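Pasted below: structure_23.pdb, PDB, C-alpha atoms.
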ATOM      1  CA  MET A   1     117.333 143.800 169.135  1.00  0.00           C
ATOM      2  CA  ARG A   2     116.171 146.980 167.418  1.00  0.00           C
ATOM      3  CA  ASP A   3     119.542 147.347 165.683  1.00  0.00           C
ATOM      4  CA  LYS A   4     119.285 143.803 164.303  1.00  0.00           C
ATOM      5  CA  VAL A   5     115.764 144.428 162.989  1.00  0.00           C
ATOM      6  CA  THR A   6     116.903 147.714 161.413  1.00  0.00           C
ATOM      7  CA  ALA A   7     119.735 145.875 159.644  1.00  0.00           C
ATOM      8  CA  ALA A   8     117.324 143.164 158.462  1.00  0.00           C
ATOM      9  CA  LEU A   9     115.081 145.795 156.854  1.00  0.00           C
ATOM     10  CA  ALA A  10     117.836 148.016 155.470  1.00  0.00           C
ATOM     11  CA  ALA A  11     117.427 146.843 151.864  1.00  0.00           C
ATOM     12  CA  LEU A  12     113.693 147.631 151.720  1.00  0.00           C
ATOM     13  CA  PRO A  13     112.492 150.700 149.784  1.00  0.00           C
ATOM     14  CA  ARG A  14     111.289 153.614 151.905  1.00  0.00           C
ATOM     15  CA  ASP A  15     107.696 153.178 150.771  1.00  0.00           C
ATOM     16  CA  ALA A  16     107.522 149.464 151.701  1.00  0.00           C
ATOM     17  CA  ALA A  17     104.215 148.192 153.072  1.00  0.00           C
ATOM     18  CA  ILE A  18     104.655 145.545 155.775  1.00  0.00           C
ATOM     19  CA  VAL A  19     101.969 143.347 157.318  1.00  0.00           C
ATOM     20  CA  CYS A  20     103.166 141.932 160.637  1.00  0.00           C
ATOM     21  CA  ALA A  21     101.722 138.517 161.485  1.00  0.00           C
ATOM     22  CA  VAL A  22     100.765 138.721 165.167  1.00  0.00           C
ATOM     23  CA  SER A  23      99.658 135.707 167.194  1.00  0.00           C
ATOM     24  CA  GLY A  24      99.778 137.563 170.500  1.00  0.00           C
ATOM     25  CA  GLY A  25     102.788 135.557 171.658  1.00  0.00           C
ATOM     26  CA  ALA A  26     106.040 137.058 172.930  1.00  0.00           C
ATOM     27  CA  ASP A  27     107.910 136.981 169.616  1.00  0.00           C
ATOM     28  CA  SER A  28     105.225 138.604 167.475  1.00  0.00           C
ATOM     29  CA  VAL A  29     104.376 141.253 170.087  1.00  0.00           C
ATOM     30  CA  ALA A  30     108.053 142.233 170.276  1.00  0.00           C
ATOM     31  CA  LEU A  31     108.306 142.349 166.478  1.00  0.00           C
ATOM     32  CA  LEU A  32     105.184 144.486 166.099  1.00  0.00           C
ATOM     33  CA  HIS A  33     106.362 146.926 168.771  1.00  0.00           C
ATOM     34  CA  CYS A  34     109.804 147.168 167.172  1.00  0.00           C
ATOM     35  CA  LEU A  35     108.397 147.698 163.669  1.00  0.00           C
ATOM     36  CA  ALA A  36     106.015 150.367 164.969  1.00  0.00           C
ATOM     37  CA  ALA A  37     108.963 152.213 166.503  1.00  0.00           C
ATOM     38  CA  LEU A  38     111.050 151.978 163.329  1.00  0.00           C
ATOM     39  CA  ALA A  39     108.320 152.588 160.731  1.00  0.00           C
ATOM     40  CA  PRO A  40     108.210 156.423 160.761  1.00  0.00           C
ATOM     41  CA  ALA A  41     111.961 156.903 160.272  1.00  0.00           C
ATOM     42  CA  MET A  42     112.200 154.112 157.679  1.00  0.00           C
ATOM     43  CA  GLY A  43     109.117 155.267 155.748  1.00  0.00           C
ATOM     44  CA  ILE A  44     107.389 151.931 156.270  1.00  0.00           C
ATOM     45  CA  SER A  45     103.621 151.574 156.046  1.00  0.00           C
ATOM     46  CA  LEU A  46     102.784 149.123 158.847  1.00  0.00           C
ATOM     47  CA  SER A  47      99.706 147.012 159.499  1.00  0.00           C
ATOM     48  CA  ALA A  48      99.055 143.759 161.369  1.00  0.00           C
ATOM     49  CA  ALA A  49      97.230 140.506 160.713  1.00  0.00           C
ATOM     50  CA  HIS A  50      95.948 137.891 163.160  1.00  0.00           C
ATOM     51  CA  PHE A  51      94.548 134.467 162.257  1.00  0.00           C
ATOM     52  CA  ASN A  52      92.341 132.633 164.766  1.00  0.00           C
ATOM     53  CA  HIS A  53      92.769 128.874 164.288  1.00  0.00           C
ATOM     54  CA  CYS A  54      89.801 128.224 166.619  1.00  0.00           C
ATOM     55  CA  LEU A  55      91.624 125.243 168.140  1.00  0.00           C
ATOM     56  CA  ARG A  56      91.746 126.299 171.799  1.00  0.00           C
ATOM     57  CA  GLY A  57      88.245 127.661 172.354  1.00  0.00           C
ATOM     58  CA  ALA A  58      88.164 130.626 174.709  1.00  0.00           C
ATOM     59  CA  GLU A  59      91.953 130.776 174.745  1.00  0.00           C
ATOM     60  CA  SER A  60      92.067 131.332 170.975  1.00  0.00           C
ATOM     61  CA  ASP A  61      89.375 134.006 171.217  1.00  0.00           C
ATOM     62  CA  GLY A  62      91.343 135.612 174.031  1.00  0.00           C
ATOM     63  CA  ASP A  63      94.416 135.805 171.803  1.00  0.00           C
ATOM     64  CA  GLU A  64      92.343 137.534 169.122  1.00  0.00           C
ATOM     65  CA  ALA A  65      90.915 140.042 171.606  1.00  0.00           C
ATOM     66  CA  PHE A  66      94.406 140.725 172.991  1.00  0.00           C
ATOM     67  CA  VAL A  67      95.807 141.487 169.516  1.00  0.00           C
ATOM     68  CA  GLN A  68      92.803 143.693 168.711  1.00  0.00           C
ATOM     69  CA  ALA A  69      93.341 145.716 171.885  1.00  0.00           C
ATOM     70  CA  LEU A  70      97.081 145.954 171.270  1.00  0.00           C
ATOM     71  CA  CYS A  71      96.690 147.254 167.721  1.00  0.00           C
ATOM     72  CA  ALA A  72      93.990 149.695 168.792  1.00  0.00           C
ATOM     73  CA  ARG A  73      96.274 151.043 171.528  1.00  0.00           C
ATOM     74  CA  TRP A  74      99.171 151.450 169.098  1.00  0.00           C
ATOM     75  CA  SER A  75      96.966 152.748 166.248  1.00  0.00           C
ATOM     76  CA  ILE A  76      98.019 149.948 163.883  1.00  0.00           C
ATOM     77  CA  PRO A  77      95.487 148.763 161.266  1.00  0.00           C
ATOM     78  CA  LEU A  78      94.579 145.116 161.852  1.00  0.00           C
ATOM     79  CA  ALA A  79      93.169 142.405 159.571  1.00  0.00           C
ATOM     80  CA  LEU A  80      91.470 139.459 161.293  1.00  0.00           C
ATOM     81  CA  GLY A  81      90.868 135.989 159.910  1.00  0.00           C
ATOM     82  CA  ARG A  82      89.725 132.629 161.219  1.00  0.00           C
ATOM     83  CA  GLY A  83      89.291 129.125 159.861  1.00  0.00           C
ATOM     84  CA  ASP A  84      88.112 125.634 160.735  1.00  0.00           C
ATOM     85  CA  VAL A  85      91.416 123.799 161.015  1.00  0.00           C
ATOM     86  CA  ARG A  86      89.930 120.492 162.135  1.00  0.00           C
ATOM     87  CA  ALA A  87      87.520 120.443 159.184  1.00  0.00           C
ATOM     88  CA  ARG A  88      90.364 121.055 156.724  1.00  0.00           C
ATOM     89  CA  ALA A  89      92.503 118.354 158.334  1.00  0.00           C
ATOM     90  CA  ALA A  90      89.630 115.855 158.081  1.00  0.00           C
ATOM     91  CA  GLU A  91      89.049 116.785 154.451  1.00  0.00           C
ATOM     92  CA  THR A  92      92.669 116.774 153.255  1.00  0.00           C
ATOM     93  CA  GLY A  93      94.278 114.188 155.530  1.00  0.00           C
ATOM     94  CA  GLU A  94      96.770 116.771 156.758  1.00  0.00           C
ATOM     95  CA  SER A  95      97.855 116.880 160.380  1.00  0.00           C
ATOM     96  CA  ILE A  96      96.303 119.604 162.539  1.00  0.00           C
ATOM     97  CA  GLU A  97      99.615 121.468 162.430  1.00  0.00           C
ATOM     98  CA  GLU A  98      99.802 121.264 158.624  1.00  0.00           C
ATOM     99  CA  ALA A  99      96.162 122.326 158.185  1.00  0.00           C
ATOM    100  CA  ALA A 100      96.637 125.267 160.561  1.00  0.00           C
ATOM    101  CA  ARG A 101      99.722 126.428 158.685  1.00  0.00           C
ATOM    102  CA  ALA A 102      97.986 126.146 155.305  1.00  0.00           C
ATOM    103  CA  LEU A 103      94.963 128.181 156.390  1.00  0.00           C
ATOM    104  CA  ARG A 104      97.109 130.775 158.163  1.00  0.00           C
ATOM    105  CA  HIS A 105      99.346 131.340 155.150  1.00  0.00           C
ATOM    106  CA  GLN A 106      96.365 131.439 152.797  1.00  0.00           C
ATOM    107  CA  PHE A 107      95.021 134.299 154.923  1.00  0.00           C
ATOM    108  CA  LEU A 108      98.373 136.091 155.152  1.00  0.00           C
ATOM    109  CA  ARG A 109      99.022 135.891 151.407  1.00  0.00           C
ATOM    110  CA  ALA A 110      95.686 137.628 150.826  1.00  0.00           C
ATOM    111  CA  GLN A 111      97.023 140.701 152.655  1.00  0.00           C
ATOM    112  CA  PRO A 112      98.721 143.484 150.651  1.00  0.00           C
ATOM    113  CA  GLY A 113     102.460 144.095 150.914  1.00  0.00           C
ATOM    114  CA  LEU A 114     105.322 142.185 152.494  1.00  0.00           C
ATOM    115  CA  ILE A 115     104.553 139.757 155.301  1.00  0.00           C
ATOM    116  CA  ALA A 116     106.753 139.920 158.411  1.00  0.00           C
ATOM    117  CA  THR A 117     106.795 136.852 160.662  1.00  0.00           C
ATOM    118  CA  ALA A 118     108.444 136.569 164.065  1.00  0.00           C
ATOM    119  CA  HIS A 119     110.646 133.506 163.497  1.00  0.00           C
ATOM    120  CA  ASN A 120     113.773 133.941 165.591  1.00  0.00           C
ATOM    121  CA  ALA A 121     117.216 132.376 166.002  1.00  0.00           C
ATOM    122  CA  ASP A 122     115.887 129.729 168.405  1.00  0.00           C
ATOM    123  CA  ASP A 123     113.256 128.733 165.837  1.00  0.00           C
ATOM    124  CA  GLN A 124     116.055 128.426 163.297  1.00  0.00           C
ATOM    125  CA  VAL A 125     117.879 125.900 165.497  1.00  0.00           C
ATOM    126  CA  GLU A 126     114.700 123.841 165.763  1.00  0.00           C
ATOM    127  CA  THR A 127     114.131 124.013 162.005  1.00  0.00           C
ATOM    128  CA  VAL A 128     117.644 122.710 161.283  1.00  0.00           C
ATOM    129  CA  LEU A 129     117.064 119.819 163.702  1.00  0.00           C
ATOM    130  CA  VAL A 130     113.626 118.996 162.262  1.00  0.00           C
ATOM    131  CA  ASN A 131     115.050 118.918 158.738  1.00  0.00           C
ATOM    132  CA  LEU A 132     118.018 116.842 159.853  1.00  0.00           C
ATOM    133  CA  LEU A 133     115.777 114.268 161.530  1.00  0.00           C
ATOM    134  CA  ARG A 134     113.555 113.976 158.464  1.00  0.00           C
ATOM    135  CA  GLY A 135     116.530 113.647 156.149  1.00  0.00           C
ATOM    136  CA  THR A 136     117.875 116.624 154.261  1.00  0.00           C
ATOM    137  CA  GLY A 137     120.531 118.095 152.018  1.00  0.00           C
ATOM    138  CA  LEU A 138     122.280 121.428 152.201  1.00  0.00           C
ATOM    139  CA  ARG A 139     119.124 123.403 151.449  1.00  0.00           C
ATOM    140  CA  GLY A 140     117.346 121.902 154.447  1.00  0.00           C
ATOM    141  CA  LEU A 141     120.339 122.538 156.682  1.00  0.00           C
ATOM    142  CA  GLY A 142     120.195 126.161 155.539  1.00  0.00           C
ATOM    143  CA  ALA A 143     116.682 126.240 157.070  1.00  0.00           C
ATOM    144  CA  MET A 144     114.804 129.559 156.957  1.00  0.00           C
ATOM    145  CA  ALA A 145     115.999 132.493 154.851  1.00  0.00           C
ATOM    146  CA  PRO A 146     115.705 136.127 156.022  1.00  0.00           C
ATOM    147  CA  ARG A 147     113.484 136.734 153.006  1.00  0.00           C
ATOM    148  CA  GLU A 148     111.525 134.344 150.796  1.00  0.00           C
ATOM    149  CA  GLY A 149     109.257 135.959 148.222  1.00  0.00           C
ATOM    150  CA  ARG A 150     106.884 138.249 150.119  1.00  0.00           C
ATOM    151  CA  TYR A 151     107.884 136.833 153.496  1.00  0.00           C
ATOM    152  CA  LEU A 152     110.320 138.674 155.783  1.00  0.00           C
ATOM    153  CA  ARG A 153     111.863 137.305 158.983  1.00  0.00           C
ATOM    154  CA  PRO A 154     113.390 140.359 160.705  1.00  0.00           C
ATOM    155  CA  LEU A 155     114.053 138.462 163.977  1.00  0.00           C
ATOM    156  CA  LEU A 156     116.007 135.585 162.458  1.00  0.00           C
ATOM    157  CA  GLN A 157     119.269 136.837 164.010  1.00  0.00           C
ATOM    158  CA  VAL A 158     117.587 137.594 167.353  1.00  0.00           C
ATOM    159  CA  THR A 159     117.546 135.023 170.154  1.00  0.00           C
ATOM    160  CA  ARG A 160     114.564 134.248 172.357  1.00  0.00           C
ATOM    161  CA  ALA A 161     116.515 135.644 175.321  1.00  0.00           C
ATOM    162  CA  GLU A 162     116.972 138.970 173.501  1.00  0.00           C
ATOM    163  CA  ILE A 163     113.247 139.061 172.701  1.00  0.00           C
ATOM    164  CA  LEU A 164     112.283 138.500 176.332  1.00  0.00           C
ATOM    165  CA  ALA A 165     114.741 141.186 177.424  1.00  0.00           C
ATOM    166  CA  TYR A 166     113.190 143.593 174.893  1.00  0.00           C
ATOM    167  CA  LEU A 167     109.685 142.863 176.176  1.00  0.00           C
ATOM    168  CA  GLU A 168     110.761 143.448 179.768  1.00  0.00           C
ATOM    169  CA  ALA A 169     112.636 146.661 178.922  1.00  0.00           C
ATOM    170  CA  ASN A 170     109.547 148.053 177.193  1.00  0.00           C
ATOM    171  CA  GLY A 171     106.996 146.842 179.742  1.00  0.00           C
ATOM    172  CA  LEU A 172     105.170 144.673 177.192  1.00  0.00           C
ATOM    173  CA  SER A 173     102.817 141.791 177.959  1.00  0.00           C
ATOM    174  CA  TRP A 174     101.921 138.862 175.722  1.00  0.00           C
ATOM    175  CA  ARG A 175      99.832 135.706 175.527  1.00  0.00           C
ATOM    176  CA  GLU A 176     101.101 132.185 176.187  1.00  0.00           C
ATOM    177  CA  ASP A 177      99.863 129.339 173.970  1.00  0.00           C
ATOM    178  CA  SER A 178      99.140 126.416 176.303  1.00  0.00           C
ATOM    179  CA  THR A 179      99.935 123.894 173.554  1.00  0.00           C
ATOM    180  CA  ASN A 180     103.583 125.013 173.563  1.00  0.00           C
ATOM    181  CA  GLY A 181     104.027 123.186 176.856  1.00  0.00           C
ATOM    182  CA  ARG A 182     103.027 119.801 175.446  1.00  0.00           C
ATOM    183  CA  ASP A 183     105.299 117.196 173.932  1.00  0.00           C
ATOM    184  CA  ASP A 184     102.912 115.989 171.223  1.00  0.00           C
ATOM    185  CA  ALA A 185     104.585 118.049 168.458  1.00  0.00           C
ATOM    186  CA  LEU A 186     108.116 117.326 167.245  1.00  0.00           C
ATOM    187  CA  ARG A 187     109.232 120.944 167.596  1.00  0.00           C
ATOM    188  CA  ASN A 188     108.083 121.000 171.209  1.00  0.00           C
ATOM    189  CA  ARG A 189     109.978 117.806 172.028  1.00  0.00           C
ATOM    190  CA  LEU A 190     113.126 119.233 170.461  1.00  0.00           C
ATOM    191  CA  ARG A 191     112.672 122.543 172.296  1.00  0.00           C
ATOM    192  CA  HIS A 192     112.045 120.935 175.670  1.00  0.00           C
ATOM    193  CA  HIS A 193     114.507 118.047 175.625  1.00  0.00           C
ATOM    194  CA  VAL A 194     117.079 118.165 172.818  1.00  0.00           C
ATOM    195  CA  VAL A 195     118.034 121.843 172.504  1.00  0.00           C
ATOM    196  CA  PRO A 196     118.846 122.193 176.245  1.00  0.00           C
ATOM    197  CA  LEU A 197     121.272 119.256 175.943  1.00  0.00           C
ATOM    198  CA  LEU A 198     122.937 120.834 172.911  1.00  0.00           C
ATOM    199  CA  ARG A 199     123.210 124.193 174.700  1.00  0.00           C
ATOM    200  CA  ARG A 200     125.132 122.521 177.517  1.00  0.00           C
ATOM    201  CA  GLU A 201     127.730 121.506 174.956  1.00  0.00           C
ATOM    202  CA  ASN A 202     127.633 124.848 173.127  1.00  0.00           C
ATOM    203  CA  PRO A 203     125.977 127.792 174.935  1.00  0.00           C
ATOM    204  CA  SER A 204     126.138 129.859 171.725  1.00  0.00           C
ATOM    205  CA  LEU A 205     124.211 127.217 169.752  1.00  0.00           C
TER     206      LEU A 205
END
I'd like the structure from this file rewritten - as structure tokens, please.
Amino acid sequence: MRDKVTAALAALPRDAAIVCAVSGGADSVALLHCLAALAPAMGISLSAAHFNHCLRGAESDGDEAFVQALCARWSIPLALGRGDVRARAAETGESIEEAARALRHQFLRAQPGLIATAHNADDQVETVLVNLLRGTGLRGLGAMAPREGRYLRPLLQVTRAEILAYLEANGLSWREDSTNGRDDALRNRLRHHVVPLLRRENPSL
């Protein structure tokens, strides 16, 4: 995994400043740990950012506290933000998911430097399927790019299985978002029911 992240960052200048978006979940914890290990040799200035959506009560606050402790332990500067997602959704007519994304990205774009997110190869599969279901052309089938403006996706060629193996190899813990187990969101339904069927036909999906 570290080799893939190194390759993804190879074109960056040595004095690049990267803000890693960290939810506390497996993917973002692995990315932050990997970036912290690579930063000195690559000349990267690394910091982290966590946005509390305040949607899951004590669980959301627990995620924030976990990220704070993690960054303190690894001596990584951390920016914290929070927003009232339900209030925005009521005001704009957006779904909760759309409102959460808008507030999160508003916060991230206010941070200095490039923004690294932990989207991985499994997320890319889901994005292609979401776009296909909604109706798309070639751009939508191309899904997420490794870099878009200030956004970097260093894990886009890394599978979820590789991320979990990295976490285990480095003795890292993470937080689980309870909403990921529900089927109320399209991505979750695809992840739980459709992708496993496709993997049976093509294990290297």
Contacts of Arg14 of chain A at 7 Å or less, counting only C-alpha atoms, minus same-chain residues fewer than 2 places along, as number ranges by chain? A: 12, 16, 42-44
What's around segment 29-34 of chain A at 8 Å? Count only C-alpha atoms, leave out sequence neighbours fewer than 2 positions away in its own chain, and write the answer as a VMD selection string. chain A and resid 2 5 20 22 to 27 36 to 38 48 118 154 to 155 163 166 to 167 172 174
Translate the PyMOL selection byres ((chain A and resi 191) around 12) into a concrete residue list for this structure, as a compact mmCIF listing (two decimals) with C-alpha atoms, in the coordinates of the input.
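Once written, result38.txt looks like this:
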# COMPACT_ATOMS: atom_id res chain seq x y z
CA ASP A 122 115.89 129.73 168.40
CA ASP A 123 113.26 128.73 165.84
CA GLN A 124 116.06 128.43 163.30
CA VAL A 125 117.88 125.90 165.50
CA GLU A 126 114.70 123.84 165.76
CA THR A 127 114.13 124.01 162.00
CA LEU A 129 117.06 119.82 163.70
CA VAL A 130 113.63 119.00 162.26
CA ARG A 160 114.56 134.25 172.36
CA ASN A 180 103.58 125.01 173.56
CA GLY A 181 104.03 123.19 176.86
CA ARG A 182 103.03 119.80 175.45
CA ASP A 183 105.30 117.20 173.93
CA ASP A 184 102.91 115.99 171.22
CA ALA A 185 104.58 118.05 168.46
CA LEU A 186 108.12 117.33 167.24
CA ARG A 187 109.23 120.94 167.60
CA ASN A 188 108.08 121.00 171.21
CA ARG A 189 109.98 117.81 172.03
CA LEU A 190 113.13 119.23 170.46
CA HIS A 192 112.04 120.94 175.67
CA HIS A 193 114.51 118.05 175.62
CA VAL A 194 117.08 118.16 172.82
CA VAL A 195 118.03 121.84 172.50
CA PRO A 196 118.85 122.19 176.24
CA LEU A 197 121.27 119.26 175.94
CA LEU A 198 122.94 120.83 172.91
CA ARG A 199 123.21 124.19 174.70
Just how far from atom CA of Arg82 of chain A is atom CA of Ala69 of chain A, in Å to one decimal? 17.3 Å
Once the PyMOL selection byres ((chain A and resi 103) around 9) is applied to the coordinates I shared, what remains selected? I want it as an MDAnalysis selection string. chainID A and resid 51 53 82:85 88 98:102 104:108
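Comparing A:Gly171, A:Pro203, A:Pro146, A:Gly81 by their smallest distance to Lys4 of chain A, the closest is A:Pro146 (using all atoms listed in the file).
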Rounded to one decimal in Å, what is the spacing between atom CA of His119 of chain A and atom CA of Leu138 of chain A? 20.2 Å
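Going from atom CA of Met144 of chain A to atom CA of Val128 of chain A covers 8.6 Å.
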Test item: axis-aligned box, all listed atoms of segment 78-84 of chain A, 5 Å on each side, centre and edges in Å rounded to one decimal, as JSON:
{"center_x": 91.3, "center_y": 135.4, "center_z": 160.7, "size_x": 16.5, "size_y": 29.5, "size_z": 12.3}
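Counting only C-alpha atoms, the residue from A:Ala8, A:Leu164, A:Ala87, A:Ile18 that sits nearest to Ala145 of chain A is A:Ala8.
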Care to translate the PyMOL selection byres ((chain A and resi 78) around 10) into actual residues of this file, as number ranges by chain? A: 19-22, 46-50, 67-68, 70-72, 75-77, 79-80
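Among A:Ser28, A:Arg134, A:Ala121, A:Gly142, the residue with the shortest atom-to-atom distance to Ser204 of chain A, counting all atoms listed in the file, is A:Ala121.
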